[in-house]
file protein-v2.tsv (TSV, C-alpha atoms)
chain	number	residue	atom	x	y	z
W	70	MET	CA	15.03	-30.85	15.81
W	71	ASN	CA	15.45	-29.11	12.44
W	72	ARG	CA	13.08	-29.54	9.55
W	73	ARG	CA	15.23	-32.03	7.66
W	74	SER	CA	15.67	-34.29	10.69
W	75	PHE	CA	11.99	-34.10	11.49
W	76	LEU	CA	10.99	-35.13	7.97
W	77	ALA	CA	13.41	-38.05	8.09
W	78	SER	CA	11.90	-39.26	11.36
W	79	VAL	CA	8.37	-38.97	9.94
W	80	ALA	CA	9.38	-41.02	6.88
W	81	ALA	CA	10.87	-43.72	9.07
W	82	VAL	CA	7.80	-44.00	11.27
W	83	THR	CA	4.91	-43.59	8.84
W	84	ALA	CA	6.27	-45.27	5.68
W	85	GLY	CA	3.71	-43.41	3.60
W	86	CYS	CA	-0.10	-43.17	3.72
W	87	ALA	CA	-2.48	-46.03	4.26
W	88	GLY	CA	-4.72	-47.13	1.44
W	89	GLY	CA	-2.82	-45.98	-1.64
W	90	TYR	CA	0.41	-45.03	-3.35
W	91	GLU	CA	3.11	-43.35	-1.32
W	92	GLY	CA	4.09	-40.92	-4.03
W	93	SER	CA	7.58	-39.49	-4.42
W	94	CYS	CA	9.38	-36.20	-4.02
W	95	GLU	CA	9.30	-35.82	-7.79
W	96	GLN	CA	5.53	-36.26	-7.91
W	97	LEU	CA	4.70	-34.30	-4.78
W	98	GLY	CA	6.98	-31.36	-5.43
W	99	GLY	CA	10.09	-31.70	-7.58
W	100	THR	CA	12.54	-29.07	-8.78
W	101	ASP	CA	12.41	-29.86	-12.52
W	102	GLN	CA	10.17	-27.85	-14.79
W	103	LEU	CA	7.71	-29.99	-16.72
W	104	GLY	CA	5.42	-29.18	-19.64
W	105	VAL	CA	6.60	-25.56	-19.88
W	106	GLY	CA	6.12	-24.01	-23.31
W	107	THR	CA	7.48	-20.86	-24.93
W	108	PRO	CA	6.50	-17.69	-23.02
W	109	VAL	CA	3.79	-15.47	-24.52
W	110	THR	CA	3.34	-11.72	-24.22
W	111	GLU	CA	-0.25	-11.54	-23.02
W	112	VAL	CA	-3.36	-13.39	-21.91
W	113	THR	CA	-5.98	-13.58	-24.65
W	114	ASP	CA	-8.94	-15.34	-22.97
W	115	THR	CA	-10.13	-13.97	-19.62
W	116	SER	CA	-13.80	-14.92	-19.81
W	117	GLY	CA	-13.62	-17.25	-16.83
W	118	ARG	CA	-14.98	-16.39	-13.41
W	119	TRP	CA	-13.44	-16.97	-9.99
W	120	PRO	CA	-16.01	-15.39	-7.69
W	121	THR	CA	-14.49	-15.84	-4.24
W	122	PRO	CA	-11.07	-16.45	-2.72
W	123	TYR	CA	-12.29	-19.94	-1.90
W	124	GLY	CA	-13.26	-20.78	-5.45
W	125	PRO	CA	-16.87	-20.79	-6.67
W	126	PHE	CA	-19.72	-19.85	-4.34
W	127	ASP	CA	-19.82	-23.22	-2.61
W	128	GLY	CA	-16.25	-23.01	-1.38
W	129	THR	CA	-15.00	-26.08	-3.26
W	130	ARG	CA	-12.21	-24.28	-5.16
W	131	PHE	CA	-13.38	-26.28	-8.16
W	132	VAL	CA	-13.15	-24.62	-11.59
W	133	ARG	CA	-16.09	-25.79	-13.69
W	134	GLU	CA	-14.34	-25.61	-17.05
W	135	SER	CA	-13.04	-28.96	-18.11
W	136	GLY	CA	-9.80	-29.38	-20.00
W	137	ARG	CA	-8.58	-25.80	-19.62
W	138	TYR	CA	-5.57	-26.39	-17.38
W	139	THR	CA	-3.86	-29.34	-19.04
W	140	GLY	CA	-1.25	-29.42	-21.78
W	141	PRO	CA	1.79	-27.13	-21.95
W	142	VAL	CA	1.75	-24.19	-19.54
W	143	LYS	CA	3.24	-20.91	-20.75
W	144	ARG	CA	4.38	-17.90	-18.78
W	145	ALA	CA	2.63	-14.71	-19.79
W	146	TRP	CA	3.25	-11.40	-18.00
W	147	ARG	CA	4.82	-10.76	-14.61
W	148	ARG	CA	4.59	-7.58	-12.54
W	149	THR	CA	6.24	-6.54	-9.30
W	150	THR	CA	3.46	-5.03	-7.22
W	151	GLU	CA	5.45	-1.99	-6.14
W	152	ALA	CA	5.81	-1.02	-9.80
W	153	PHE	CA	2.09	-0.50	-10.33
W	154	VAL	CA	0.82	0.09	-6.79
W	155	GLY	CA	3.45	2.77	-6.13
W	156	GLY	CA	6.18	3.30	-3.54
W	157	ASP	CA	8.19	1.10	-1.23
W	158	GLY	CA	5.41	1.16	1.37
W	159	SER	CA	2.76	-0.11	-1.04
W	160	TYR	CA	2.05	-3.70	-1.99
W	161	LEU	CA	-0.73	-6.16	-2.72
W	162	LEU	CA	-2.13	-8.16	0.20
W	163	ALA	CA	-2.10	-11.90	-0.48
W	164	ASP	CA	-4.61	-12.64	2.29
W	165	ARG	CA	-7.21	-10.44	0.53
W	166	GLY	CA	-7.16	-12.81	-2.43
W	167	LEU	CA	-7.35	-12.37	-6.19
W	168	VAL	CA	-10.70	-12.27	-8.00
W	169	LEU	CA	-11.30	-12.55	-11.73
W	170	THR	CA	-14.74	-11.51	-12.96
W	171	GLY	CA	-16.17	-9.54	-15.85
W	172	GLY	CA	-12.85	-9.55	-17.67
W	173	THR	CA	-11.05	-7.74	-14.83
W	174	LEU	CA	-8.69	-8.96	-12.12
W	175	TYR	CA	-9.24	-7.43	-8.65
W	176	ALA	CA	-6.82	-7.28	-5.72
W	177	VAL	CA	-6.35	-5.22	-2.54
W	178	ALA	CA	-3.29	-3.05	-1.99
W	179	GLU	CA	-1.94	-1.53	1.18
W	180	VAL	CA	-0.62	1.98	0.54
W	181	ASN	CA	2.00	3.63	2.72
W	182	TYR	CA	1.69	0.81	5.27
W	183	GLU	CA	-1.77	1.93	6.48
W	184	GLU	CA	-4.47	2.58	3.87
W	185	THR	CA	-6.09	-0.01	1.60
W	186	GLU	CA	-7.16	0.37	-2.01
W	187	LEU	CA	-9.18	-1.78	-4.36
W	188	VAL	CA	-7.08	-2.28	-7.50
W	189	ALA	CA	-8.55	-3.23	-10.88
W	190	ILE	CA	-6.01	-4.92	-13.18
W	191	ASP	CA	-6.22	-5.77	-16.87
W	192	PRO	CA	-5.64	-9.57	-16.89
W	193	THR	CA	-4.29	-9.53	-20.44
W	194	ASP	CA	-1.10	-7.63	-19.56
W	195	GLY	CA	-1.13	-6.77	-15.82
W	196	ARG	CA	-1.81	-3.07	-16.39
W	197	VAL	CA	-3.67	-1.19	-13.62
W	198	VAL	CA	-7.02	0.08	-14.90
W	199	TRP	CA	-8.14	2.02	-11.81
W	200	ARG	CA	-7.72	2.26	-8.04
W	201	ASP	CA	-10.28	3.16	-5.38
W	202	ASP	CA	-9.58	4.10	-1.75
W	203	THR	CA	-13.10	4.87	-0.49
W	204	ILE	CA	-13.41	1.65	1.53
W	205	ASN	CA	-11.12	0.39	4.28
W	206	ILE	CA	-11.03	-3.22	3.09
W	207	THR	CA	-10.34	-5.60	5.97
W	208	GLY	CA	-11.21	-8.92	4.32
W	209	SER	CA	-10.99	-10.73	1.02
W	210	VAL	CA	-12.87	-9.53	-2.06
W	211	VAL	CA	-15.83	-11.57	-3.33
W	212	ALA	CA	-17.55	-11.15	-6.69
W	213	GLY	CA	-21.23	-11.71	-7.42
W	214	PRO	CA	-22.86	-11.64	-10.85
W	215	GLU	CA	-22.71	-7.82	-11.00
W	216	LEU	CA	-21.24	-6.45	-7.76
W	217	LEU	CA	-18.14	-6.89	-5.63
W	218	TYR	CA	-18.58	-7.53	-1.91
W	219	LEU	CA	-16.06	-6.02	0.50
W	220	ARG	CA	-15.72	-6.07	4.29
W	221	ASP	CA	-14.89	-3.09	6.47
W	222	GLU	CA	-14.62	-4.35	10.08
W	223	GLY	CA	-18.25	-5.20	11.06
W	224	THR	CA	-19.72	-3.89	7.80
W	225	LEU	CA	-20.50	-5.57	4.49
W	226	VAL	CA	-20.25	-3.29	1.44
W	227	ALA	CA	-21.68	-3.91	-2.05
W	228	PHE	CA	-19.55	-2.12	-4.65
W	229	ASP	CA	-20.30	-1.54	-8.32
W	230	PRO	CA	-16.96	-1.89	-10.18
W	231	ASP	CA	-18.35	-0.44	-13.42
W	232	GLN	CA	-19.50	2.78	-11.75
W	233	GLN	CA	-16.82	2.61	-9.04
W	234	GLU	CA	-19.30	3.41	-6.30
W	235	VAL	CA	-20.87	1.89	-3.19
W	236	VAL	CA	-24.37	0.49	-3.83
W	237	TRP	CA	-25.25	-0.39	-0.22
W	238	ARG	CA	-23.78	-1.02	3.21
W	239	VAL	CA	-25.02	-3.27	6.01
W	240	GLN	CA	-23.54	-2.53	9.42
W	241	PHE	CA	-23.55	-5.31	11.99
W	242	GLY	CA	-21.88	-3.27	14.73
W	243	MET	CA	-18.49	-2.67	16.25
W	244	ARG	CA	-16.34	-5.60	17.37
W	245	ARG	CA	-18.16	-7.89	14.95
W	246	ARG	CA	-16.41	-10.21	12.50
W	247	VAL	CA	-18.06	-10.83	9.13
W	248	SER	CA	-17.29	-14.10	7.32
W	249	VAL	CA	-16.43	-14.43	3.64
W	250	PRO	CA	-19.70	-13.57	1.81
W	251	VAL	CA	-21.43	-16.31	-0.17
W	252	VAL	CA	-23.48	-15.11	-3.14
W	253	ASP	CA	-26.40	-17.04	-4.63
W	254	GLY	CA	-28.29	-15.09	-7.27
W	255	LYS	CA	-29.67	-11.91	-5.67
W	256	ARG	CA	-28.93	-13.01	-2.11
W	257	VAL	CA	-25.75	-12.66	-0.10
W	258	PHE	CA	-25.10	-14.80	2.99
W	259	VAL	CA	-22.65	-13.94	5.77
W	260	GLN	CA	-21.98	-15.28	9.23
W	261	VAL	CA	-21.38	-12.59	11.85
W	262	THR	CA	-19.53	-13.30	15.09
W	263	GLY	CA	-20.19	-11.08	18.09
W	264	GLY	CA	-17.88	-10.01	20.85
W	265	ASP	CA	-19.32	-12.71	23.12
W	266	GLY	CA	-18.25	-15.44	20.70
W	267	GLY	CA	-21.78	-16.21	19.50
W	268	GLY	CA	-22.77	-15.84	15.87
W	269	ARG	CA	-25.61	-15.73	13.37
W	270	LEU	CA	-26.02	-16.38	9.66
W	271	TYR	CA	-27.72	-13.51	7.79
W	272	ALA	CA	-29.46	-13.54	4.41
W	273	LEU	CA	-29.28	-10.17	2.63
W	274	ARG	CA	-31.09	-9.01	-0.49
W	275	ASP	CA	-30.49	-5.55	-1.98
W	276	GLY	CA	-28.89	-4.48	1.28
W	277	GLN	CA	-31.86	-5.57	3.42
W	278	ARG	CA	-31.86	-8.38	5.99
W	279	GLU	CA	-34.34	-11.13	5.09
W	280	TRP	CA	-33.75	-13.72	7.81
W	281	ASN	CA	-31.10	-14.97	10.23
W	282	THR	CA	-30.30	-18.11	12.18
W	283	PRO	CA	-27.65	-19.15	14.74
W	284	ALA	CA	-24.32	-20.07	13.11
W	285	SER	CA	-20.72	-20.27	14.29
W	286	ALA	CA	-19.04	-20.75	10.88
W	287	GLY	CA	-19.21	-19.22	7.42
W	288	PRO	CA	-21.67	-20.94	5.05
W	289	VAL	CA	-21.35	-22.69	1.70
W	290	VAL	CA	-24.08	-23.26	-0.88
W	291	ALA	CA	-24.65	-26.21	-3.22
W	292	ASP	CA	-27.63	-27.79	-4.98
W	293	GLY	CA	-30.09	-25.20	-3.69
W	294	ARG	CA	-29.12	-25.51	-0.02
W	295	LEU	CA	-27.02	-23.58	2.46
W	296	TYR	CA	-24.79	-25.47	4.86
W	297	THR	CA	-23.32	-24.03	8.05
W	298	ILE	CA	-22.26	-25.00	11.56
W	299	SER	CA	-23.91	-23.90	14.79
W	300	ASP	CA	-21.75	-24.70	17.81
W	301	GLU	CA	-21.17	-28.46	17.44
W	302	THR	CA	-23.94	-29.10	14.90
W	303	VAL	CA	-23.85	-28.98	11.10
W	304	LYS	CA	-27.13	-27.97	9.51
W	305	ALA	CA	-28.78	-27.48	6.12
W	306	VAL	CA	-30.90	-24.37	5.57
W	307	ALA	CA	-33.26	-23.27	2.79
W	308	PRO	CA	-31.65	-20.15	1.23
W	309	ASP	CA	-34.94	-18.35	0.46
W	310	SER	CA	-36.60	-18.71	3.85
W	311	GLY	CA	-34.03	-19.80	6.42
W	312	GLU	CA	-36.07	-22.94	7.12
W	313	LEU	CA	-34.03	-25.60	8.89
W	314	LEU	CA	-33.93	-28.73	6.72
W	315	TRP	CA	-31.81	-31.01	8.91
W	316	THR	CA	-29.21	-30.96	11.67
W	317	SER	CA	-26.46	-33.41	12.54
W	318	ALA	CA	-24.37	-33.43	15.71
W	319	LEU	CA	-20.58	-33.32	15.30
W	320	GLU	CA	-18.28	-35.54	17.32
W	321	GLU	CA	-15.40	-33.08	16.90
W	322	SER	CA	-15.98	-29.52	18.13
W	323	SER	CA	-13.13	-27.97	16.11
W	324	LEU	CA	-14.62	-28.79	12.69
W	325	ASP	CA	-15.31	-25.28	11.43
W	326	LYS	CA	-14.75	-25.17	7.64
W	327	LEU	CA	-17.10	-26.53	4.98
W	328	ALA	CA	-17.11	-27.47	1.29
W	329	ALA	CA	-19.98	-29.14	-0.58
W	330	ARG	CA	-20.21	-31.00	-3.86
W	331	GLY	CA	-21.59	-34.21	-5.34
W	332	GLY	CA	-24.13	-34.88	-2.60
W	333	ARG	CA	-21.59	-34.58	0.22
W	334	VAL	CA	-20.57	-31.90	2.68
W	335	TYR	CA	-16.95	-32.00	3.83
W	336	LEU	CA	-16.02	-30.52	7.21
W	337	THR	CA	-12.45	-29.71	8.18
W	338	GLY	CA	-10.63	-27.96	10.99
W	339	SER	CA	-9.32	-30.98	12.86
W	340	GLY	CA	-9.25	-33.93	10.51
W	341	VAL	CA	-11.91	-34.30	7.79
W	342	THR	CA	-15.50	-35.57	8.01
W	343	ALA	CA	-17.95	-36.24	5.17
W	344	VAL	CA	-21.72	-36.10	5.71
W	345	ASP	CA	-24.60	-36.82	3.35
W	346	ALA	CA	-25.88	-33.52	1.93
W	347	ALA	CA	-29.49	-34.77	1.75
W	348	SER	CA	-29.80	-36.16	5.28
W	349	GLY	CA	-26.83	-35.04	7.35
W	350	ASP	CA	-25.84	-38.64	8.09
W	351	ARG	CA	-22.14	-39.09	8.81
W	352	LEU	CA	-20.41	-41.03	6.00
W	353	TRP	CA	-16.77	-41.18	7.09
W	354	SER	CA	-14.06	-39.41	9.06
W	355	HIS	CA	-10.27	-39.33	9.14
W	356	SER	CA	-7.92	-37.63	11.60
W	357	ALA	CA	-5.60	-36.41	8.77
W	358	PRO	CA	-2.58	-35.99	11.07
W	359	PRO	CA	-0.86	-33.79	11.86
W	360	GLY	CA	-2.74	-30.80	13.22
W	361	ARG	CA	-5.57	-28.73	11.92
W	362	THR	CA	-6.88	-29.06	8.39
W	363	ARG	CA	-7.83	-26.26	6.00
W	364	ARG	CA	-10.94	-26.02	3.84
W	365	ALA	CA	-11.21	-28.95	1.42
W	366	THR	CA	-10.93	-28.60	-2.35
W	367	VAL	CA	-13.43	-30.94	-4.00
W	368	GLY	CA	-12.46	-32.02	-7.48
W	369	HIS	CA	-13.92	-34.67	-9.79
W	370	GLY	CA	-13.54	-37.95	-7.90
W	371	ARG	CA	-10.99	-36.53	-5.44
W	372	VAL	CA	-11.07	-34.48	-2.24
W	373	TYR	CA	-7.90	-32.52	-1.44
W	374	VAL	CA	-7.36	-31.52	2.19
W	375	PRO	CA	-4.38	-29.29	3.09
W	376	THR	CA	-3.08	-29.07	6.65
W	377	ARG	CA	-1.70	-26.10	8.55
W	378	LYS	CA	1.81	-25.76	9.93
W	379	VAL	CA	1.75	-26.99	13.52
W	380	GLY	CA	4.97	-26.69	15.50
W	381	VAL	CA	7.74	-28.32	13.46
W	382	THR	CA	5.22	-30.12	11.25
W	383	TRP	CA	5.00	-28.41	7.88
W	384	PRO	CA	1.81	-28.23	5.77
W	385	ARG	CA	0.87	-31.36	3.84
W	386	LEU	CA	-1.71	-32.26	1.24
W	387	TYR	CA	-3.97	-35.28	1.80
W	388	THR	CA	-5.97	-36.79	-1.06
W	389	TYR	CA	-9.19	-38.80	-0.59
W	390	ALA	CA	-11.77	-40.51	-2.73
W	391	PRO	CA	-15.21	-39.00	-1.98
W	392	GLY	CA	-16.44	-42.28	-0.54
W	393	GLY	CA	-13.33	-43.40	1.35
W	394	SER	CA	-12.12	-42.73	4.86
W	395	GLU	CA	-8.42	-43.44	4.25
W	396	PRO	CA	-6.21	-41.05	2.29
W	397	LEU	CA	-5.04	-42.19	-1.13
W	398	SER	CA	-1.90	-40.11	-0.77
W	399	CYS	CA	-0.24	-37.47	1.35
W	400	GLY	CA	2.99	-35.51	1.53
W	401	GLN	CA	4.58	-37.50	4.37
W	402	LEU	CA	7.54	-38.69	2.33
W	403	SER	CA	8.14	-35.46	0.45
W	404	SER	CA	10.33	-32.58	1.51
W	405	PHE	CA	7.91	-30.02	0.07
W	406	THR	CA	5.84	-27.49	1.97
W	407	LEU	CA	2.42	-26.58	0.63
W	408	SER	CA	2.32	-22.78	0.39
W	409	GLY	CA	-1.14	-21.85	-0.83
W	410	PRO	CA	-4.60	-22.95	-1.94
W	411	VAL	CA	-5.41	-25.98	-4.06
W	412	VAL	CA	-7.48	-25.42	-7.22
W	413	ALA	CA	-9.16	-28.43	-8.86
W	414	THR	CA	-10.61	-29.10	-12.32
W	415	ASP	CA	-12.05	-32.30	-13.75
W	416	GLU	CA	-8.54	-33.42	-14.71
W	417	VAL	CA	-6.00	-31.94	-12.28
W	418	ALA	CA	-5.36	-30.28	-8.95
W	419	VAL	CA	-3.17	-27.16	-9.12
W	420	TYR	CA	-1.22	-26.06	-6.06
W	421	PRO	CA	1.92	-24.12	-5.06
W	422	GLY	CA	4.68	-25.27	-2.76
W	423	VAL	CA	8.31	-25.03	-1.75
W	424	VAL	CA	11.00	-27.72	-1.98
W	425	GLU	CA	14.08	-27.68	0.23
W	426	THR	CA	17.06	-27.82	-2.16
W	427	GLY	CA	19.91	-27.18	0.27
W	428	GLU	CA	20.79	-26.23	3.81
W	429	ASP	CA	19.67	-22.65	3.25
W	430	SER	CA	18.02	-22.73	-0.17
W	431	ASN	CA	14.52	-23.42	-1.45
W	432	THR	CA	12.80	-23.72	-4.81
W	433	GLY	CA	9.18	-22.70	-5.23
W	434	PHE	CA	6.86	-24.47	-7.62
W	435	LEU	CA	3.39	-24.35	-9.10
W	436	GLN	CA	2.20	-27.65	-10.49
W	437	ALA	CA	-0.80	-29.61	-11.76
W	438	GLN	CA	-1.19	-33.14	-10.47
W	439	ARG	CA	-3.56	-35.76	-11.87
W	440	PRO	CA	-5.68	-37.94	-9.54
W	441	ASP	CA	-3.25	-40.87	-9.92
W	442	GLY	CA	-0.39	-38.72	-8.58
W	443	THR	CA	1.41	-38.03	-11.86
W	444	VAL	CA	2.39	-34.43	-12.59
W	445	GLU	CA	0.93	-32.81	-15.71
W	446	TRP	CA	3.13	-29.70	-15.59
W	447	ARG	CA	5.32	-27.80	-13.17
W	448	VAL	CA	6.78	-24.28	-13.16
W	449	THR	CA	9.57	-23.55	-10.68
W	450	SER	CA	10.92	-20.38	-9.10
W	451	SER	CA	14.24	-19.98	-7.32
W	452	GLY	CA	14.13	-18.63	-3.79
W	453	GLY	CA	10.86	-20.26	-2.85
W	454	LEU	CA	7.41	-18.71	-2.59
W	455	GLY	CA	5.92	-16.44	0.04
W	456	ARG	CA	2.28	-16.33	1.00
W	457	VAL	CA	0.33	-17.23	-2.12
W	458	SER	CA	-3.02	-16.18	-3.55
W	459	MET	CA	-4.34	-17.72	-6.74
W	460	CYS	CA	-7.32	-17.49	-9.09
W	461	ALA	CA	-8.28	-18.90	-12.48
W	462	GLY	CA	-9.85	-17.70	-15.69
W	463	CYS	CA	-11.11	-19.60	-18.70
W	464	CYS	CA	-7.67	-20.50	-20.07
W	465	SER	CA	-5.46	-18.62	-17.63
W	466	LEU	CA	-4.12	-18.86	-14.10
W	467	PHE	CA	-3.00	-15.94	-11.92
W	468	LEU	CA	-0.59	-16.29	-9.02
W	469	PHE	CA	0.50	-13.67	-6.50
W	470	ASP	CA	3.51	-14.35	-4.26
W	471	ASN	CA	6.57	-12.51	-2.96
W	472	ARG	CA	5.22	-9.21	-4.24
W	473	LYS	CA	4.98	-10.53	-7.78
W	474	LEU	CA	1.80	-11.01	-9.77
W	475	ARG	CA	2.14	-13.58	-12.56
W	476	ALA	CA	-0.09	-14.86	-15.34
W	477	PHE	CA	0.07	-18.26	-17.04
W	478	VAL	CA	-1.81	-19.54	-20.09
W	479	PHE	CA	-2.47	-22.99	-21.56
W	480	GLU	CA	-2.73	-24.41	-25.05

call {"tool": "encode", "arguments": {"input": "protein-v2.tsv", "output": "structure tokens"}}
result
Amino acid sequence: MNRRSFLASVAAVTAGCAGGYEGSCEQLGGTDQLGVGTPVTEVTDTSGRWPTPYGPFDGTRFVRESGRYTGPVKRAWRRTTEAFVGGDGSYLLADRGLVLTGGTLYAVAEVNYEETELVAIDPTDGRVVWRDDTINITGSVVAGPELLYLRDEGTLVAFDPDQQEVVWRVQFGMRRRVSVPVVDGKRVFVQVTGGDGGGRLYALRDGQREWNTPASAGPVVADGRLYTISDETVKAVAPDSGELLWTSALEESSLDKLAARGGRVYLTGSGVTAVDAASGDRLWSHSAPPGRTRRATVGHGRVYVPTRKVGVTWPRLYTYAPGGSEPLSCGQLSSFTLSGPVVATDEVAVYPGVVETGEDSNTGFLQAQRPDGTVEWRVTSSGGLGRVSMCAGCCSLFLFDNRKLRAFVFE
């Protein structure tokens, strides 16, 4: 069954999502540009901060700057990555993320198909400021208040971008996998998986290990607490001491991603489950068919849960109210494929996707959707989008796809 036939059969069977509006192809991923203003030559305000590839430190992908991503969107600069990385065998790596901090945009480039470099980019015009190849970067870049945190196989590296030098390294051993670091003040938290499949959560301060506890998933932090998963149990931990505050058994063993905000912890991986952040009590669950779910994006009054591609089922975006177990909307009736992360503000959710426009043609889009399903603005791109990485500044949005790095600004 091809994709078009499959989508038609899904529409006939499901007739939309329970509990809310069905949406439309125009709302959920149209091909018309909306709210696009006159292009500008550069980005003028880059004071915002996007510390991790999952959004702020708690993993919500929520930008805490209200009203910055509404109104007309304007294209600023665009760069092909080969032009400033150098050579046909050199390009930026989308899965290493984009990070904006301290007025500089950071990305990871692969050079000559084998070596990696940390690339510092001027966000105002896309110009490369410097490149550093001293670390073999194997994971996404994370920014703390002063340092960048990089992963090199089983090692966590703290890097000073101002001095362009390594401050400290913590080695966890060969055949170890280090999770995305979570930074809270002076402490850095990582979950480390061993070759036997077990894992532990480590608290680091100035390159020294303070405490550790069993954990099988990367942590998030919110409201002065750390949240993680150990086997089939979600637990809350005190960041300063590692003291266990509460535990709650999970009914679904494949829940392995967390986000926390507004007194709730959201677990995804297979469906979505919300638990009370103060007690660990289960509040609601939903199977979010089809297939496995990605980390939730928690906006103001909405929880956005993307799904993965499973077989012939393409990625979809489910939307929930924080207190409800049924989705308010989903992409079941739309022919669009979600192609990257969802970023939320108080007003809108911003996400990229691809719309099928013909038998062998696609149109990519980046759009902002309000909680009621209406689209605030949309920018389209012929030929679709590849793997996407995205980050946000104070009044700017940066998107990397198909070996192009683009900047957008807002009035």

call {"tool": "atom_distance", "arguments": {"input": "protein-v2.tsv", "atom1": "atom CA of Gly380 of chain W", "atom2": "atom CA of Thr406 of chain W"}}
result
13.6 Å

call {"tool": "closest_residue", "arguments": {"input": "protein-v2.tsv", "among": "W:Thr376, W:Gln233, W:Gln438, W:Ser339", "to": "Asp415 of chain W", "atoms": "all atoms listed in the file"}}
result
W:Gln438

call {"tool": "closest_residue", "arguments": {"input": "protein-v2.tsv", "among": "W:Val249, W:Leu386, W:Val257, W:Val168", "to": "Ser398 of chain W", "atoms": "all atoms listed in the file"}}
result
W:Leu386

call {"tool": "closest_residue", "arguments": {"input": "protein-v2.tsv", "among": "W:Leu336, W:Leu468, W:Leu273, W:Leu219", "to": "Ile298 of chain W", "atoms": "all atoms listed in the file"}}
result
W:Leu336

call {"tool": "atom_distance", "arguments": {"input": "protein-v2.tsv", "atom1": "atom CA of Ser159 of chain W", "atom2": "atom CA of Val188 of chain W"}}
result
12.0 Å

call {"tool": "atom_distance", "arguments": {"input": "protein-v2.tsv", "atom1": "atom CA of Thr129 of chain W", "atom2": "atom CA of Gly368 of chain W"}}
result
7.7 Å

call {"tool": "closest_residue", "arguments": {"input": "protein-v2.tsv", "among": "W:Ser248, W:Ala346, W:Leu319, W:Phe228", "to": "Asp292 of chain W", "atoms": "only C-alpha atoms"}}
result
W:Ala346

call {"tool": "closest_residue", "arguments": {"input": "protein-v2.tsv", "among": "W:Val457, W:Leu217, W:Cys463, W:Leu324", "to": "Ala163 of chain W", "atoms": "all atoms listed in the file"}}
result
W:Val457

call {"tool": "closest_residue", "arguments": {"input": "protein-v2.tsv", "among": "W:Tyr296, W:Tyr420, W:Phe131, W:Trp237", "to": "Leu327 of chain W", "atoms": "all atoms listed in the file"}}
result
W:Tyr296

call {"tool": "residues_around", "arguments": {"input": "protein-v2.tsv", "residues": "segment 469-474 of chain W", "least_positions_apart": "3", "cutoff": "12 Å", "atoms": "only C-alpha atoms", "output": "tab-separated table (two decimals) with C-alpha atoms, in the coordinates of the input"}}
result
chain	number	residue	atom	x	y	z
W	144	ARG	CA	4.38	-17.90	-18.78
W	145	ALA	CA	2.63	-14.71	-19.79
W	146	TRP	CA	3.25	-11.40	-18.00
W	147	ARG	CA	4.82	-10.76	-14.61
W	148	ARG	CA	4.59	-7.58	-12.54
W	149	THR	CA	6.24	-6.54	-9.30
W	150	THR	CA	3.46	-5.03	-7.22
W	151	GLU	CA	5.45	-1.99	-6.14
W	152	ALA	CA	5.81	-1.02	-9.80
W	153	PHE	CA	2.09	-0.50	-10.33
W	154	VAL	CA	0.82	0.09	-6.79
W	157	ASP	CA	8.19	1.10	-1.23
W	158	GLY	CA	5.41	1.16	1.37
W	159	SER	CA	2.76	-0.11	-1.04
W	160	TYR	CA	2.05	-3.70	-1.99
W	161	LEU	CA	-0.73	-6.16	-2.72
W	162	LEU	CA	-2.13	-8.16	0.20
W	163	ALA	CA	-2.10	-11.90	-0.48
W	164	ASP	CA	-4.61	-12.64	2.29
W	165	ARG	CA	-7.21	-10.44	0.53
W	166	GLY	CA	-7.16	-12.81	-2.43
W	167	LEU	CA	-7.35	-12.37	-6.19
W	168	VAL	CA	-10.70	-12.27	-8.00
W	174	LEU	CA	-8.69	-8.96	-12.12
W	175	TYR	CA	-9.24	-7.43	-8.65
W	176	ALA	CA	-6.82	-7.28	-5.72
W	177	VAL	CA	-6.35	-5.22	-2.54
W	178	ALA	CA	-3.29	-3.05	-1.99
W	179	GLU	CA	-1.94	-1.53	1.18
W	190	ILE	CA	-6.01	-4.92	-13.18
W	191	ASP	CA	-6.22	-5.77	-16.87
W	192	PRO	CA	-5.64	-9.57	-16.89
W	194	ASP	CA	-1.10	-7.63	-19.56
W	195	GLY	CA	-1.13	-6.77	-15.82
W	196	ARG	CA	-1.81	-3.07	-16.39
W	197	VAL	CA	-3.67	-1.19	-13.62
W	408	SER	CA	2.32	-22.78	0.39
W	409	GLY	CA	-1.14	-21.85	-0.83
W	410	PRO	CA	-4.60	-22.95	-1.94
W	421	PRO	CA	1.92	-24.12	-5.06
W	422	GLY	CA	4.68	-25.27	-2.76
W	423	VAL	CA	8.31	-25.03	-1.75
W	433	GLY	CA	9.18	-22.70	-5.23
W	434	PHE	CA	6.86	-24.47	-7.62
W	435	LEU	CA	3.39	-24.35	-9.10
W	450	SER	CA	10.92	-20.38	-9.10
W	451	SER	CA	14.24	-19.98	-7.32
W	452	GLY	CA	14.13	-18.63	-3.79
W	453	GLY	CA	10.86	-20.26	-2.85
W	454	LEU	CA	7.41	-18.71	-2.59
W	455	GLY	CA	5.92	-16.44	0.04
W	456	ARG	CA	2.28	-16.33	1.00
W	457	VAL	CA	0.33	-17.23	-2.12
W	458	SER	CA	-3.02	-16.18	-3.55
W	459	MET	CA	-4.34	-17.72	-6.74
W	460	CYS	CA	-7.32	-17.49	-9.09
W	461	ALA	CA	-8.28	-18.90	-12.48
W	466	LEU	CA	-4.12	-18.86	-14.10
W	477	PHE	CA	0.07	-18.26	-17.04

call {"tool": "residues_near_point", "arguments": {"input": "protein-v2.tsv", "point": "(-22.7, -27.5, 17.1)", "cutoff": "12 Å", "atoms": "all atoms listed in the file", "output": "list of chain:residue names"}}
result
W:Gly267, W:Gly268, W:Pro283, W:Ala284, W:Ser285, W:Ala286, W:Thr297, W:Ile298, W:Ser299, W:Asp300, W:Glu301, W:Thr302, W:Val303, W:Lys304, W:Thr316, W:Ser317, W:Ala318, W:Leu319, W:Glu320, W:Glu321, W:Ser322, W:Ser323, W:Leu324, W:Asp325
